[in-house]
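Visitor: Would you mind keeping the following structure in view while I ask a few things?
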Amino acid sequence: MSVLAAADQPTLEDFGTDVWWIVLIKIVGVFVVLVLLTLFAIVFERKVVARMQQRIGPNRVGPRGYLQSLADGLKLAFKEDIMPALADKPVYFLAPVIATIPAFLAFSVIPLGPTVSIFGERTPLQLTDAPIGVLVVLACSAMGVYGIVLAGWASGSTYPLLGSLRSAAQMVSYEIAMGLSIVAVFLYSGSMSTSEIVAAQADGNQLSFFGLDFTGPSWFAILLPVSFVIYVIAVVGETNRAPFDLPEAESELVGGFHTEYSSLKFALFFLAEYINMVTVSALAATLFLGGWRAPWPISLWDGANTGWWPLLWFFLKVVVALFVFIWLRGTLPRLRYDQFMRFGWKVLVPTALLWILAVATMRTVAREADLSTGEVALFVGVPIALLVLAGLLVASRASNRATRIAATKAAAGSIHPTDAEPEVLPAAGPRRRPARPSGPSRAEGGFPVPPMDLKVPPSPRLRSREAVAAGSVVSTGRRGRATTQEEDGDE
Amino acid sequence: MNVLAAAADGGVQIGTGEAVVFWVLGPIALAGALGMVLSRNAVHSALWLVNTMLALGVFYVVQEAPFLGAVQIIVYTGAIMILFLFVLMLVGRDSSDSVVETLRGQRVAGILLGFGFAGLVGAGIARATQDLPVTGLDAVQGGETSNIEAIAELLFTRYLLAFEVTSALLITAAVGAMVLAHIERDPGTRPTQKELSRARFLTDRPQTLPGPGVYARANSVAAPALLPDGRVTEDSFATGIDPQEVDQMPRPTGRAELGTPDASLGSLEPTVSDVPGGQDAGSTPR
């Protein structure tokens, strides 16, 4: 397998030597793939979320509703394009363009497959690559922030401005966590070029375990689990997706930065968001999930990593990553803004820094002691992972202690499972008025619960309707007519 | 440029692509710099600067320093300028620069001095680099090593002290900013979400304050919310502002115009409320 892989694995020298029409085909191909994946992702998201919410989802347009996003796109194009009176016109016009172009550009360094033959020309299935490959994606996501920030500012309205301020702070913060999470991958693969990172995940490490030789996992998601988790969390924040979709939080900011946008300009934002999702999914596949290489059981087949097959594995991985995005959206509620920023700066960034320190130390130790990667993972990584997991278990049990005790007491039949807490003062503040003594007395515990012996008095309307029904009239009332006729039939 | 490169003995020939990129992006970068100085709106100025920085990043990439180009775009354009924009947007979008001259003739003097300075520096650089042999970054780095490896080697061997001192300086700046902006607060003095929630439920109003109401004709804080019968709710009075009465539309009040609740249940004869628009003023109640 490794011999074949070496033959097909493109190196940095293979790029930049293509004929012009091959380059053109690749550019058009990347563009078409991104647009098609966007259309697919929208329908896929709606269907999956619908399934998670026990609904059917779109099922009208096209076979099983799979052309719904095409219809939506056409509808968006024919809507009225509104320019708000207070908008800063050039910036308002430019913002969606600035959001979309970097989204497309970032995909140019994603490797889709090995060296293949297109009309007799042997060329890697990747638009281009550079020694700084992954940094191109980071630069493009940094540029994408401008689109959102400028859209909010140029709209000349309050909610978009708030949304854009949020997104500026959010995306800059989470970009740091994302960049730090990738550093460990650079350390392991010894390169920043995407194609070489994929090559570094080609062969598993030879593990010798009590005399048994077997091939260990080679994906960086398994070798660098902390990096992978941080990357996944950070890119959800970076792409403004739920539960981190604070720049467009509907319940707080109407639509956030794109409140004032309509028609094709809005469609461009929509497109940019989904392309960003696809790009970070593809980058996750490239950096952590082995790129276009086949996953383990399939990789036993020699032909799995040659020719056009890797395209299939790659897009399967991308779709799985997209599904995780949708899963998160269907499951988690939106975070509060301060919790979100605190999580980014106080949890993600320090963890990433510590992890880089640990990885670098282990790399150095391994080099000095002449250990293989597999041995390091076995003798250092596994014990540390067990220790961390045990620590997390103890910490979570300690923090949930009160709840657990309350649950046990409640299960044993206690009415007041929680300990009586000291009476707290009413919250004071400019918006709080002192409590007036009027109104019904509070129920025990201060929570407004209905009295246990509550009897709902009969409605006076019911009595009057019975009186009307007794007269057996042809009613002109809109309510209760059917009931009246039924009662007539019974008589 | 081609002439200049060809004139230098043993230098690298500057390719057509590089020359084209230079002559396309050079004017764009210059336009960005001029636009940044000339535009009245602060946010527009920042955007022009972003334009120039992007052009510079591409220049670095073209001149065989891809790492520097990427860092230029990620750090300067992506992070620092975003923070600038963040502050500018908080200032407000209508705060354009004042065009009133406080010092007489300073604009003319500024323009003249600026052109003079640009001419001096440009002429100096042009003279200094006129017959310089062009080596190219590749040759300096020593052929095989890539740009990133060359930078890393220099950074962690020869310039290690400068690198560490710079990072110490940056950390000092960050810590200093945090100290200046930090508010000393004893732990536990700030009520937690749980305590705030309990406190809210111990008052007589656990729910939110009333909004403007269905029949409200204004959504200013000074306008109190209305109950369905037209009275104002005292709960919605804003603190510190006298509640203002808003002119109300004539509204149907009383049984005579609204009809009785029983009437909606139906009766022998059609009622006012059964007829569409029957509640309008002028229609006689039954």
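Ordered as shown in the structure tokens, chains take letters A, B, and onward, while each chain numbers its residues from 1 and ligands are numbered from 1 in the order shown.
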Quick one: residues within 10 Å of Phe270 (chain A), only C-alpha atoms, excluding same-chain residues fewer than 3 positions away - as a list in words?
Guide: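 The residues satisfying every condition are Thr38, Ile42, Gly73, Pro96, Ala99, Thr100, His258, Leu264, Lys265, Phe266, Ala267, Glu273, Tyr274, Ile275 and Asn276 of chain A.
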Visitor: Applying 9 Å and only C-alpha atoms, which residues near Ile241 (chain B) remain after dropping the ones on its own chain fewer than 3 positions away? List them as a PyMOL selection string.
Guide: chain B and resi 221-222+237-238+244
Visitor: To one decimal in Å, tell me the separation between CA of Pro224 (chain B) and CA of Gln207 (chain B).
Guide: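 Atom-to-atom, CA of Pro224 (chain B) and CA of Gln207 (chain B) are spaced 17.2 Å apart.
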Visitor: Which neighbours of Ser167 (chain A) fall inside 9 Å, counting only C-alpha atoms, when residues of the same chain fewer than 3 positions from it are skipped, and could you give them as a list in words?
Guide: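 The neighbour list is Val145, Ile148, Val149, Leu162, Gly163, Ser164, Gln170, Met171, Val172, Glu238, Asn240, Asp245, Leu246, Pro247, Glu248 and Phe257 of chain A.
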Visitor: To one decimal place in Å, what is the distance between CA of Pro66 (chain B) and CA of Trp48 (chain B)?
Guide: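 According to the coordinates, CA of Pro66 (chain B) and CA of Trp48 (chain B) are separated by 22.8 Å.
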Visitor: Select from region 157-229 of chain B everything DSSP, run on the backbone, classes as helix (DSSP H, G or I), then give the selection as an MDAnalysis selection string.
Guide: chainID B and resid 160:181 193:202
Visitor: Mind pulling up the distance from CA of Ala202 (chain A) to CA of Ala304 (chain A)?
Guide: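 Distance between the two atoms: 12.2 Å.
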Visitor: Restricting the calculation to only C-alpha atoms, which member of A:Phe31, A:Phe78, A:Phe314, A:Tyr174 is positioned closest to chain B?
Guide: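 For chain B, the nearest of the given residues is A:Tyr174.
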